[in-house]
file model_32.cif (mmCIF, C-alpha atoms)
data_target
loop_
_atom_site.label_atom_id
_atom_site.label_comp_id
_atom_site.auth_asym_id
_atom_site.auth_seq_id
_atom_site.Cartn_x
_atom_site.Cartn_y
_atom_site.Cartn_z
CA MET A 1 -72.94 -210.31 -93.18
CA LYS A 2 -71.53 -213.61 -94.39
CA VAL A 3 -70.69 -216.70 -92.36
CA LEU A 4 -67.39 -217.78 -93.95
CA ARG A 5 -66.80 -220.90 -91.87
CA ALA A 6 -68.64 -222.79 -89.15
CA ASP A 7 -66.74 -225.69 -87.64
CA PHE A 8 -67.16 -228.10 -84.76
CA VAL A 9 -64.31 -227.56 -82.30
CA THR A 10 -64.74 -229.95 -79.40
CA SER A 11 -67.08 -231.43 -76.82
CA ALA A 12 -66.40 -230.53 -73.21
CA ALA A 13 -67.48 -232.63 -70.24
CA ALA A 14 -67.79 -231.74 -66.58
CA GLY A 15 -65.11 -233.43 -64.50
CA GLY A 16 -65.01 -230.56 -62.01
CA ARG A 17 -63.47 -228.23 -64.61
CA ALA A 18 -64.57 -226.88 -67.96
CA ASP A 19 -62.10 -229.10 -69.80
CA GLY A 20 -61.95 -228.28 -73.48
CA ILE A 21 -63.65 -224.86 -73.27
CA PRO A 22 -61.58 -222.44 -75.39
CA ALA A 23 -59.86 -219.65 -73.47
CA ASP A 24 -58.31 -217.73 -76.37
CA GLY A 25 -60.21 -214.49 -75.80
CA LEU A 26 -62.69 -215.00 -78.63
CA GLY A 27 -66.30 -214.15 -77.80
CA GLN A 28 -68.57 -216.96 -76.63
CA ILE A 29 -72.34 -217.28 -76.94
CA ALA A 30 -73.83 -220.00 -74.73
CA PHE A 31 -77.09 -221.56 -75.92
CA THR A 32 -79.14 -222.81 -72.98
CA GLY A 33 -82.72 -223.93 -72.56
CA ARG A 34 -85.11 -226.74 -71.84
CA SER A 35 -84.65 -229.93 -73.81
CA ASN A 36 -86.49 -229.82 -77.13
CA VAL A 37 -86.79 -226.01 -77.07
CA GLY A 38 -84.99 -225.86 -80.43
CA LYS A 39 -81.43 -224.95 -79.44
CA SER A 40 -79.71 -226.96 -82.16
CA THR A 41 -82.24 -225.87 -84.79
CA LEU A 42 -81.69 -222.20 -83.95
CA LEU A 43 -77.93 -222.65 -83.92
CA ASN A 44 -78.08 -224.18 -87.41
CA ALA A 45 -80.31 -221.38 -88.66
CA LEU A 46 -77.83 -218.78 -87.44
CA ALA A 47 -74.88 -220.64 -88.95
CA ARG A 48 -76.87 -221.08 -92.19
CA ARG A 49 -75.79 -224.70 -92.43
CA LYS A 50 -76.32 -227.98 -90.60
CA LEU A 51 -73.81 -227.62 -87.82
CA ALA A 52 -75.44 -229.11 -84.74
CA ARG A 53 -77.31 -232.37 -84.69
CA THR A 54 -81.03 -232.11 -84.07
CA SER A 55 -83.23 -234.84 -82.63
CA ALA A 56 -86.91 -235.33 -81.95
CA ALA A 57 -85.96 -237.07 -78.70
CA PRO A 58 -85.20 -234.61 -75.87
CA GLY A 59 -82.12 -234.95 -73.69
CA LYS A 60 -79.77 -236.10 -76.45
CA THR A 61 -77.09 -233.43 -75.94
CA ARG A 62 -74.88 -234.74 -73.13
CA LEU A 63 -71.83 -232.48 -73.49
CA ALA A 64 -71.06 -228.84 -74.14
CA ASN A 65 -70.62 -228.91 -77.92
CA ILE A 66 -68.51 -226.01 -79.14
CA TYR A 67 -68.45 -224.49 -82.62
CA ARG A 68 -66.31 -221.71 -84.04
CA LEU A 69 -67.75 -219.33 -86.63
CA SER A 70 -65.73 -216.99 -88.85
CA ILE A 71 -67.78 -214.05 -90.08
CA GLU A 72 -67.30 -211.24 -92.60
CA GLY A 73 -68.92 -207.90 -91.86
CA GLY A 74 -72.35 -207.67 -90.32
CA PRO A 75 -73.44 -205.58 -87.33
CA GLY A 76 -70.58 -203.51 -85.97
CA GLY A 77 -68.98 -202.72 -89.30
CA PRO A 78 -66.77 -204.36 -91.91
CA GLY A 79 -63.97 -206.80 -91.30
CA ARG A 80 -63.63 -210.39 -90.23
CA TRP A 81 -64.40 -211.57 -86.73
CA GLY A 82 -65.05 -214.82 -84.94
CA VAL A 83 -67.22 -216.18 -82.19
CA TYR A 84 -67.79 -219.49 -80.42
CA PHE A 85 -71.26 -221.01 -80.12
CA VAL A 86 -71.46 -223.19 -76.99
CA ASP A 87 -74.40 -225.62 -77.11
CA LEU A 88 -75.01 -226.65 -73.51
CA PRO A 89 -77.12 -229.69 -72.50
CA GLY A 90 -80.83 -229.02 -72.23
CA TYR A 91 -82.43 -229.03 -68.81
CA GLY A 92 -85.84 -230.29 -67.71
CA TYR A 93 -85.41 -233.80 -69.09
CA ALA A 94 -82.59 -236.31 -69.16
CA ARG A 95 -82.47 -239.73 -70.76
CA GLY A 96 -81.38 -242.00 -67.93
CA GLY A 97 -83.15 -240.42 -64.96
CA ASP A 98 -81.83 -238.41 -62.03
CA ASP A 99 -78.20 -239.52 -62.43
CA SER A 100 -78.15 -238.26 -66.00
CA ALA A 101 -79.85 -235.02 -64.96
CA SER A 102 -77.12 -234.40 -62.38
CA GLU A 103 -74.47 -235.17 -64.98
CA LEU A 104 -75.93 -232.64 -67.42
CA ALA A 105 -76.23 -229.99 -64.72
CA ALA A 106 -72.55 -230.52 -63.86
CA VAL A 107 -71.58 -229.66 -67.43
CA ALA A 108 -73.42 -226.33 -67.24
CA ARG A 109 -72.01 -225.61 -63.79
CA ALA A 110 -68.46 -226.31 -64.97
CA TYR A 111 -68.90 -223.84 -67.83
CA PHE A 112 -70.30 -220.98 -65.74
CA ASP A 113 -68.14 -221.65 -62.70
CA ARG A 114 -64.81 -221.57 -64.49
CA ASP A 115 -61.79 -220.04 -62.85
CA SER A 116 -61.27 -218.13 -66.09
CA GLY A 117 -63.80 -215.56 -64.96
CA VAL A 118 -66.72 -216.02 -67.31
CA ALA A 119 -69.08 -215.58 -64.39
CA GLY A 120 -68.97 -214.84 -60.70
CA ARG A 121 -69.42 -217.51 -58.09
CA GLY A 122 -72.83 -216.20 -57.19
CA SER A 123 -74.42 -213.41 -55.23
CA ASP A 124 -73.69 -213.08 -51.55
CA ASP A 125 -77.37 -213.54 -50.75
CA ALA A 126 -77.81 -216.66 -52.88
CA ASP A 127 -79.50 -219.47 -50.99
CA ASP A 128 -79.82 -223.18 -51.64
CA SER A 129 -82.88 -222.77 -53.84
CA THR A 130 -81.09 -220.20 -55.96
CA ASN A 131 -78.20 -222.58 -56.59
CA ARG A 132 -80.43 -225.53 -57.48
CA ASP A 133 -79.43 -227.32 -60.66
CA PRO A 134 -81.39 -225.96 -63.64
CA SER A 135 -82.08 -229.53 -64.72
CA SER A 136 -84.49 -229.83 -61.81
CA SER A 137 -87.90 -228.17 -61.96
CA SER A 138 -89.05 -229.36 -58.54
CA GLY A 139 -88.26 -226.11 -56.73
CA SER A 140 -90.64 -223.27 -56.02
CA SER A 141 -88.22 -220.44 -56.84
CA ARG A 142 -89.38 -217.72 -59.20
CA ALA A 143 -87.28 -215.87 -61.74
CA SER A 144 -86.06 -212.51 -60.59
CA SER A 145 -87.61 -209.44 -62.16
CA ARG A 146 -84.09 -208.15 -62.70
CA GLY A 147 -84.28 -209.70 -66.17
CA GLU A 148 -81.62 -209.09 -68.79
CA SER A 149 -80.21 -206.03 -67.07
CA ARG A 150 -78.29 -208.40 -64.82
CA THR A 151 -74.60 -207.90 -65.64
CA ALA A 152 -72.09 -210.69 -66.06
CA ASN A 153 -68.52 -210.93 -64.80
CA ARG A 154 -68.78 -208.78 -61.77
CA GLY A 155 -65.02 -209.16 -61.51
CA GLY A 156 -64.77 -207.40 -64.87
CA LYS A 157 -62.59 -210.09 -66.45
CA ARG A 158 -64.66 -210.81 -69.55
CA THR A 159 -67.38 -208.89 -71.28
CA ASN A 160 -67.48 -210.69 -74.62
CA HIS A 161 -69.56 -213.61 -73.37
CA ALA A 162 -73.34 -213.92 -73.32
CA THR A 163 -75.92 -216.52 -72.43
CA LEU A 164 -79.04 -217.05 -74.51
CA LEU A 165 -81.82 -218.51 -72.40
CA LEU A 166 -84.16 -220.12 -74.92
CA VAL A 167 -87.80 -220.53 -73.90
CA ASP A 168 -90.64 -222.02 -75.92
CA SER A 169 -92.94 -219.13 -76.87
CA ARG A 170 -95.94 -221.47 -76.57
CA HIS A 171 -95.34 -222.22 -72.88
CA PRO A 172 -94.66 -219.18 -70.68
CA GLY A 173 -94.06 -219.74 -67.00
CA LEU A 174 -92.61 -223.25 -67.02
CA GLN A 175 -91.01 -223.91 -63.65
CA SER A 176 -87.85 -225.30 -65.21
CA ASP A 177 -87.35 -222.01 -67.11
CA LEU A 178 -87.95 -219.98 -63.97
CA ASP A 179 -85.46 -222.07 -61.99
CA ALA A 180 -82.88 -221.77 -64.75
CA ALA A 181 -83.24 -217.98 -64.90
CA ARG A 182 -82.68 -217.64 -61.19
CA TRP A 183 -79.79 -220.11 -61.32
CA PHE A 184 -78.11 -217.94 -63.96
CA ASP A 185 -78.80 -214.82 -61.89
CA SER A 186 -77.06 -216.41 -58.91
CA PHE A 187 -73.92 -216.77 -61.02
CA GLY A 188 -74.09 -213.17 -62.23
CA VAL A 189 -74.60 -214.40 -65.80
CA ALA A 190 -76.01 -211.91 -68.32
CA ARG A 191 -78.93 -213.87 -69.74
CA HIS A 192 -80.85 -212.82 -72.82
CA VAL A 193 -84.25 -214.48 -73.09
CA ILE A 194 -85.08 -215.76 -76.59
CA ALA A 195 -88.62 -216.99 -77.34
CA THR A 196 -88.38 -219.75 -79.94
CA LYS A 197 -91.01 -221.19 -82.31
CA ILE A 198 -92.87 -217.88 -82.51
CA ASP A 199 -94.22 -218.91 -85.93
CA LYS A 200 -96.41 -221.52 -84.22
CA LEU A 201 -98.51 -218.87 -82.44
CA SER A 202 -101.48 -216.90 -83.69
CA ARG A 203 -101.29 -213.12 -83.49
CA SER A 204 -103.38 -212.99 -80.30
CA GLU A 205 -101.42 -215.85 -78.68
CA ARG A 206 -98.18 -214.11 -79.53
CA VAL A 207 -99.22 -210.85 -77.88
CA ARG A 208 -100.55 -212.62 -74.80
CA ASN A 209 -97.55 -214.91 -74.32
CA LEU A 210 -94.91 -212.24 -74.85
CA LYS A 211 -96.64 -210.05 -72.24
CA GLU A 212 -96.58 -212.98 -69.84
CA PHE A 213 -92.87 -213.58 -70.49
CA GLU A 214 -92.24 -209.89 -69.85
CA ARG A 215 -94.07 -210.12 -66.55
CA ILE A 216 -92.07 -213.19 -65.52
CA PHE A 217 -88.57 -212.18 -66.63
CA GLY A 218 -88.80 -208.40 -66.32
CA SER A 219 -88.17 -207.72 -70.01
CA THR A 220 -89.72 -208.77 -73.28
CA PRO A 221 -87.88 -211.72 -74.85
CA LEU A 222 -86.70 -211.60 -78.43
CA PRO A 223 -89.17 -213.66 -80.51
CA VAL A 224 -87.50 -215.83 -83.15
CA SER A 225 -88.43 -218.46 -85.69
CA ALA A 226 -85.69 -220.75 -86.95
CA ALA A 227 -88.10 -222.01 -89.61
CA GLY A 228 -89.23 -218.64 -90.95
CA GLY A 229 -86.20 -216.51 -90.08
CA GLU A 230 -88.04 -213.97 -87.93
CA GLY A 231 -85.81 -212.32 -85.35
CA LEU A 232 -82.56 -213.86 -86.61
CA ASP A 233 -81.13 -210.55 -87.84
CA GLU A 234 -81.83 -208.93 -84.49
CA LEU A 235 -80.29 -211.92 -82.72
CA TRP A 236 -77.18 -211.58 -84.88
CA ARG A 237 -76.94 -207.93 -83.80
CA LEU A 238 -76.86 -209.09 -80.20
CA ILE A 239 -74.26 -211.75 -80.98
CA ALA A 240 -72.09 -209.24 -82.84
CA ARG A 241 -72.36 -206.68 -80.06
CA VAL A 242 -71.03 -209.25 -77.61
CA GLY A 243 -68.70 -211.22 -79.87
CA ARG A 244 -66.92 -208.23 -81.42
CA GLU A 245 -66.17 -206.59 -78.09
CA GLN A 246 -62.58 -206.89 -76.97
CA PRO A 247 -62.07 -208.80 -73.71
CA ARG A 248 -61.08 -206.69 -70.75
#
call {"tool": "encode", "arguments": {"input": "model_32.cif", "output": "C-alpha coordinates"}}
result
Amino acid sequence: MKVLRADFVTSAAAGGRADGIPADGLGQIAFTGRSNVGKSTLLNALARRKLARTSAAPGKTRLANIYRLSIEGGPGGPGRWGVYFVDLPGYGYARGGDDSASELAAVARAYFDRDSGVAGRGSDDADDSTNRDPSSSSGSSRASSRGESRTANRGGKRTNHATLLLVDSRHPGLQSDLDAARWFDSFGVARHVIATKIDKLSRSERVRNLKEFERIFGSTPLPVSAAGGEGLDELWRLIARVGREQPR
(Lines of atoms letter the chains of each structure in order from A and count residues from 1; the text may use other names and numbers.)
(Lines give C-alpha, C1' and ligand atoms only; values in the text may rest on other atoms or scores of the structure.)
Protein backbone atom coordinates (compact mmCIF):
# COMPACT_ATOMS: atom_id res chain seq x y z
CA MET A 1 0.00 0.00 0.00
CA LYS A 2 1.21 3.49 -0.84
CA VAL A 3 -0.18 6.82 0.31
CA LEU A 4 0.03 8.88 -2.89
CA ARG A 5 -1.30 12.14 -1.50
CA ALA A 6 -2.43 13.46 1.87
CA ASP A 7 -3.89 16.95 1.84
CA PHE A 8 -5.65 19.25 4.27
CA VAL A 9 -9.14 19.95 2.95
CA THR A 10 -10.92 22.24 5.38
CA SER A 11 -11.80 22.98 8.99
CA ALA A 12 -15.45 22.64 9.93
CA ALA A 13 -17.08 24.44 12.85
CA ALA A 14 -20.33 23.77 14.65
CA GLY A 15 -22.91 26.46 13.91
CA GLY A 16 -25.79 24.01 14.24
CA ARG A 17 -24.74 22.19 11.05
CA ALA A 18 -21.67 20.30 9.95
CA ASP A 19 -20.62 23.10 7.64
CA GLY A 20 -17.67 22.12 5.49
CA ILE A 21 -17.93 18.35 6.05
CA PRO A 22 -17.55 16.68 2.63
CA ALA A 23 -20.61 14.84 1.36
CA ASP A 24 -19.21 13.38 -1.86
CA GLY A 25 -19.65 9.73 -0.92
CA LEU A 26 -16.00 9.10 -0.10
CA GLY A 27 -15.36 7.09 3.06
CA GLN A 28 -14.73 8.98 6.29
CA ILE A 29 -12.76 7.91 9.35
CA ALA A 30 -13.40 10.08 12.41
CA PHE A 31 -10.58 10.28 14.97
CA THR A 32 -11.96 10.93 18.45
CA GLY A 33 -10.51 10.73 21.92
CA ARG A 34 -9.45 12.54 25.03
CA SER A 35 -7.18 15.54 24.59
CA ASN A 36 -3.52 14.53 24.46
CA VAL A 37 -4.34 10.88 23.68
CA GLY A 38 -2.23 11.13 20.51
CA LYS A 39 -4.84 11.63 17.79
CA SER A 40 -2.75 13.91 15.61
CA THR A 41 0.38 11.79 16.12
CA LEU A 42 -1.45 8.63 15.05
CA LEU A 43 -3.00 10.40 12.07
CA ASN A 44 0.46 11.51 10.93
CA ALA A 45 1.86 8.01 11.38
CA LEU A 46 -0.89 6.57 9.20
CA ALA A 47 -0.41 9.24 6.54
CA ARG A 48 3.37 8.70 6.74
CA ARG A 49 3.97 12.44 6.73
CA LYS A 50 3.37 15.45 8.97
CA LEU A 51 -0.22 16.21 8.15
CA ALA A 52 -1.85 17.24 11.41
CA ARG A 53 -0.31 19.61 13.89
CA THR A 54 0.70 18.09 17.20
CA SER A 55 1.04 19.96 20.49
CA ALA A 56 2.15 19.15 24.01
CA ALA A 57 -0.68 21.36 25.29
CA PRO A 58 -4.05 19.54 25.34
CA GLY A 59 -7.19 21.12 23.95
CA LYS A 60 -5.54 22.83 20.97
CA THR A 61 -7.77 21.33 18.26
CA ARG A 62 -10.86 23.55 18.16
CA LEU A 63 -12.40 22.51 14.83
CA ALA A 64 -13.02 19.35 12.86
CA ASN A 65 -9.91 19.29 10.69
CA ILE A 66 -10.44 17.24 7.54
CA TYR A 67 -7.80 15.59 5.37
CA ARG A 68 -8.15 13.66 2.13
CA LEU A 69 -5.83 10.74 1.41
CA SER A 70 -5.32 9.11 -2.00
CA ILE A 71 -4.05 5.55 -1.72
CA GLU A 72 -2.73 2.92 -4.12
CA GLY A 73 -3.46 -0.72 -3.36
CA GLY A 74 -3.37 -2.04 0.17
CA PRO A 75 -6.00 -4.15 1.94
CA GLY A 76 -8.90 -4.95 -0.33
CA GLY A 77 -6.88 -5.37 -3.50
CA PRO A 78 -5.17 -3.25 -6.15
CA GLY A 79 -6.35 0.07 -7.49
CA ARG A 80 -6.58 3.62 -6.25
CA TRP A 81 -9.01 4.69 -3.58
CA GLY A 82 -9.52 7.63 -1.27
CA VAL A 83 -10.66 8.32 2.25
CA TYR A 84 -11.18 11.33 4.51
CA PHE A 85 -9.58 11.53 7.95
CA VAL A 86 -11.70 13.73 10.24
CA ASP A 87 -9.76 14.94 13.30
CA LEU A 88 -12.38 15.95 15.84
CA PRO A 89 -11.63 18.10 18.92
CA GLY A 90 -10.42 16.17 21.94
CA TYR A 91 -12.70 15.86 24.93
CA GLY A 92 -11.90 15.90 28.64
CA TYR A 93 -10.05 19.22 28.59
CA ALA A 94 -10.62 22.56 26.92
CA ARG A 95 -8.47 25.66 27.00
CA GLY A 96 -10.88 28.38 28.10
CA GLY A 97 -13.06 26.50 30.57
CA ASP A 98 -16.66 25.32 30.34
CA ASP A 99 -17.62 27.61 27.45
CA SER A 100 -14.83 26.20 25.32
CA ALA A 101 -15.76 22.65 26.33
CA SER A 102 -19.34 23.23 25.16
CA GLU A 103 -18.03 24.70 21.91
CA LEU A 104 -15.88 21.65 21.23
CA ALA A 105 -18.72 19.27 22.05
CA ALA A 106 -20.94 21.15 19.57
CA VAL A 107 -18.45 20.42 16.79
CA ALA A 108 -18.60 16.69 17.48
CA ARG A 109 -22.38 16.77 17.80
CA ALA A 110 -22.73 18.60 14.48
CA TYR A 111 -20.63 15.93 12.76
CA PHE A 112 -22.51 12.92 14.14
CA ASP A 113 -25.94 14.54 14.02
CA ARG A 114 -25.84 15.52 10.37
CA ASP A 115 -28.93 15.30 8.24
CA SER A 116 -26.78 13.46 5.70
CA GLY A 117 -27.28 10.25 7.62
CA VAL A 118 -23.86 9.46 9.03
CA ALA A 119 -25.49 8.43 12.28
CA GLY A 120 -28.92 8.06 13.78
CA ARG A 121 -30.37 10.58 16.17
CA GLY A 122 -29.99 8.21 19.06
CA SER A 123 -31.66 5.18 20.56
CA ASP A 124 -35.26 5.42 21.65
CA ASP A 125 -34.26 4.59 25.22
CA ALA A 126 -31.48 7.18 25.42
CA ASP A 127 -31.73 9.33 28.51
CA ASP A 128 -30.16 12.63 29.50
CA SER A 129 -27.01 10.99 30.85
CA THR A 130 -26.55 9.08 27.61
CA ASN A 131 -26.69 12.27 25.58
CA ARG A 132 -24.25 14.16 27.81
CA ASP A 133 -21.50 15.95 25.93
CA PRO A 134 -18.38 13.76 25.73
CA SER A 135 -16.29 16.76 26.77
CA SER A 136 -17.71 16.39 30.27
CA SER A 137 -16.50 13.62 32.56
CA SER A 138 -18.70 14.58 35.51
CA GLY A 139 -21.39 11.96 34.83
CA SER A 140 -21.64 8.53 36.35
CA SER A 141 -22.64 6.69 33.16
CA ARG A 142 -20.73 3.57 32.21
CA ALA A 143 -19.86 2.41 28.73
CA SER A 144 -22.18 -0.20 27.34
CA SER A 145 -20.87 -3.73 27.00
CA ARG A 146 -22.22 -3.71 23.47
CA GLY A 147 -18.75 -2.61 22.37
CA GLU A 148 -17.76 -2.42 18.72
CA SER A 149 -20.59 -4.64 17.54
CA ARG A 150 -22.82 -1.57 17.70
CA THR A 151 -23.83 -0.78 14.11
CA ALA A 152 -23.89 2.68 12.60
CA ASN A 153 -26.47 4.27 10.32
CA ARG A 154 -29.51 2.40 11.42
CA GLY A 155 -31.26 4.11 8.54
CA GLY A 156 -28.86 2.32 6.20
CA LYS A 157 -27.80 5.48 4.38
CA ARG A 158 -24.04 5.18 4.79
CA THR A 159 -21.80 2.29 5.66
CA ASN A 160 -18.43 3.68 4.62
CA HIS A 161 -17.93 5.76 7.76
CA ALA A 162 -16.27 4.70 11.00
CA THR A 163 -15.31 6.26 14.29
CA LEU A 164 -12.03 5.49 16.01
CA LEU A 165 -12.32 6.02 19.75
CA LEU A 166 -8.73 6.49 20.91
CA VAL A 167 -7.95 5.65 24.53
CA ASP A 168 -4.61 5.88 26.32
CA SER A 169 -3.47 2.30 26.96
CA ARG A 170 -1.88 3.42 30.24
CA HIS A 171 -5.18 4.61 31.74
CA PRO A 172 -8.10 2.19 31.40
CA GLY A 173 -11.44 3.20 32.85
CA LEU A 174 -11.22 6.98 32.62
CA GLN A 175 -14.70 8.42 33.12
CA SER A 176 -14.37 10.72 30.13
CA ASP A 177 -13.70 7.70 27.88
CA LEU A 178 -16.66 5.83 29.33
CA ASP A 179 -18.97 8.81 28.82
CA ALA A 180 -17.75 9.25 25.26
CA ALA A 181 -18.35 5.58 24.43
CA ARG A 182 -21.91 5.73 25.68
CA TRP A 183 -22.46 9.05 23.91
CA PHE A 184 -21.41 7.44 20.63
CA ASP A 185 -23.64 4.45 21.33
CA SER A 186 -26.61 6.77 21.79
CA PHE A 187 -26.04 8.06 18.27
CA GLY A 188 -25.77 4.56 16.81
CA VAL A 189 -22.16 5.25 15.84
CA ALA A 190 -19.94 2.25 15.09
CA ARG A 191 -16.98 2.92 17.36
CA HIS A 192 -13.71 1.03 17.15
CA VAL A 193 -11.62 1.34 20.30
CA ILE A 194 -7.91 1.99 19.64
CA ALA A 195 -5.44 1.81 22.55
CA THR A 196 -2.63 4.27 21.86
CA LYS A 197 0.91 4.49 23.28
CA ILE A 198 1.11 0.73 23.81
CA ASP A 199 4.92 0.96 23.55
CA LYS A 200 4.99 2.73 26.91
CA LEU A 201 3.72 -0.35 28.78
CA SER A 202 5.63 -3.34 30.09
CA ARG A 203 4.48 -6.78 28.98
CA SER A 204 2.58 -7.41 32.22
CA GLU A 205 1.00 -3.92 32.18
CA ARG A 206 -0.08 -4.45 28.60
CA VAL A 207 -1.83 -7.74 29.36
CA ARG A 208 -3.52 -6.33 32.45
CA ASN A 209 -4.69 -3.09 30.84
CA LEU A 210 -6.00 -4.68 27.66
CA LYS A 211 -8.04 -7.13 29.75
CA GLU A 212 -9.47 -4.21 31.68
CA PHE A 213 -10.36 -2.38 28.46
CA GLU A 214 -12.06 -5.54 27.22
CA ARG A 215 -14.09 -5.73 30.41
CA ILE A 216 -15.13 -2.08 30.10
CA PHE A 217 -15.91 -1.86 26.39
CA GLY A 218 -16.98 -5.44 25.68
CA SER A 219 -14.20 -6.12 23.17
CA THR A 220 -10.43 -5.94 23.16
CA PRO A 221 -9.17 -2.65 21.68
CA LEU A 222 -6.59 -2.61 18.93
CA PRO A 223 -3.22 -1.72 20.54
CA VAL A 224 -1.14 0.69 18.48
CA SER A 225 2.09 2.62 18.74
CA ALA A 226 2.54 5.63 16.50
CA ALA A 227 6.20 5.75 17.54
CA GLY A 228 7.06 2.11 16.89
CA GLY A 229 4.49 1.27 14.22
CA GLU A 230 2.82 -1.59 16.08
CA GLY A 231 -0.78 -2.14 15.02
CA LEU A 232 -0.72 0.36 12.15
CA ASP A 233 -1.05 -2.30 9.45
CA GLU A 234 -4.04 -3.81 11.21
CA LEU A 235 -5.55 -0.35 11.63
CA TRP A 236 -5.09 0.29 7.91
CA ARG A 237 -6.99 -2.94 7.22
CA LEU A 238 -9.90 -1.57 9.23
CA ILE A 239 -9.71 1.78 7.43
CA ALA A 240 -9.62 0.07 4.03
CA ARG A 241 -12.52 -2.20 4.89
CA VAL A 242 -14.63 0.85 5.70
CA GLY A 243 -13.21 3.35 3.22
CA ARG A 244 -13.33 1.09 0.17
CA GLU A 245 -16.94 0.07 0.71
CA GLN A 246 -19.40 1.72 -1.64
CA PRO A 247 -22.01 3.92 0.06
CA ARG A 248 -25.51 2.53 0.09
call {"tool": "atom_distance", "arguments": {"input": "model_32.cif", "atom1": "CA of Arg182 (chain A)", "atom2": "CA of Phe217 (chain A)"}}
result
9.7 Å
call {"tool": "closest_residue", "arguments": {"input": "model_32.cif", "among": "A:Pro75, A:Gly228, A:Pro172, A:Pro89", "to": "Lys211 (chain A)", "atoms": "only C-alpha atoms"}}
result
A:Pro172
call {"tool": "atom_distance", "arguments": {"input": "model_32.cif", "atom1": "CA of Ser225 (chain A)", "atom2": "CA of Leu165 (chain A)"}}
result
14.8 Å
call {"tool": "resolve_selection", "arguments": {"input": "model_32.cif", "expression": "the PyMOL selection byres ((chain A and resi 195) around 6)", "output": "list in words"}}
result
Leu166, Val167, Asp168, Ser169, Ile194, Thr196, Pro221, Leu222 and Pro223 of chain A
call {"tool": "closest_residue", "arguments": {"input": "model_32.cif", "among": "A:Ile198, A:Ala227, A:Ala181, A:Ala240", "to": "Glu72 (chain A)", "atoms": "all atoms listed in the file"}}
result
A:Ala240
call {"tool": "residues_around", "arguments": {"input": "model_32.cif", "residues": "Ser40 (chain A)", "least_positions_apart": "4", "cutoff": "10 Å", "atoms": "all atoms listed in the file", "output": "short mmCIF file (atom, residue, chain, number, x, y, z; two decimals) with C-alpha atoms, in the frame of the given file"}}
result
data_model
loop_
_atom_site.label_atom_id
_atom_site.label_comp_id
_atom_site.auth_asym_id
_atom_site.auth_seq_id
_atom_site.Cartn_x
_atom_site.Cartn_y
_atom_site.Cartn_z
CA PHE A 31 -77.09 -221.56 -75.92
CA ASN A 36 -86.49 -229.82 -77.13
CA ASN A 44 -78.08 -224.18 -87.41
CA ALA A 45 -80.31 -221.38 -88.66
CA LEU A 46 -77.83 -218.78 -87.44
CA LYS A 50 -76.32 -227.98 -90.60
CA LEU A 51 -73.81 -227.62 -87.82
CA ALA A 52 -75.44 -229.11 -84.74
CA ARG A 53 -77.31 -232.37 -84.69
CA THR A 54 -81.03 -232.11 -84.07
CA SER A 55 -83.23 -234.84 -82.63
CA THR A 61 -77.09 -233.43 -75.94
CA ASP A 87 -74.40 -225.62 -77.11
CA LEU A 88 -75.01 -226.65 -73.51
CA ALA A 226 -85.69 -220.75 -86.95
#
call {"tool": "resolve_selection", "arguments": {"input": "model_32.cif", "expression": "the PyMOL selection byres ((chain A and resi 238) around 12)", "output": "PyMOL selection string"}}
result
chain A and resi 27-29+74-76+160-164+191-194+222+231-237+239-245
call {"tool": "closest_residue", "arguments": {"input": "model_32.cif", "among": "A:Glu205, A:Gly90, A:Pro78, A:Leu42", "to": "Glu230 (chain A)", "atoms": "only C-alpha atoms"}}
result
A:Leu42
call {"tool": "atom_distance", "arguments": {"input": "model_32.cif", "atom1": "CA of Gly173 (chain A)", "atom2": "CA of Lys200 (chain A)"}}
result
17.5 Å
call {"tool": "residues_around", "arguments": {"input": "model_32.cif", "residues": "region 62-69 of chain A", "least_positions_apart": "5", "cutoff": "6 Å", "atoms": "only C-alpha atoms", "output": "ChimeraX atom specification"}}
result
/A:5-13,82-89
call {"tool": "closest_residue", "arguments": {"input": "model_32.cif", "among": "A:Gln175, A:Phe112, A:Arg203, A:Glu212", "to": "Gly188 (chain A)", "atoms": "all atoms listed in the file"}}
result
A:Phe112
call {"tool": "closest_residue", "arguments": {"input": "model_32.cif", "among": "A:Ser35, A:Arg170, A:Ala23, A:Ala47", "to": "Ser204 (chain A)", "atoms": "all atoms listed in the file"}}
result
A:Arg170
call {"tool": "closest_residue", "arguments": {"input": "model_32.cif", "among": "A:Met1, A:Leu26, A:Ala180, A:Val107", "to": "Gly77 (chain A)", "atoms": "only C-alpha atoms"}}
result
A:Met1
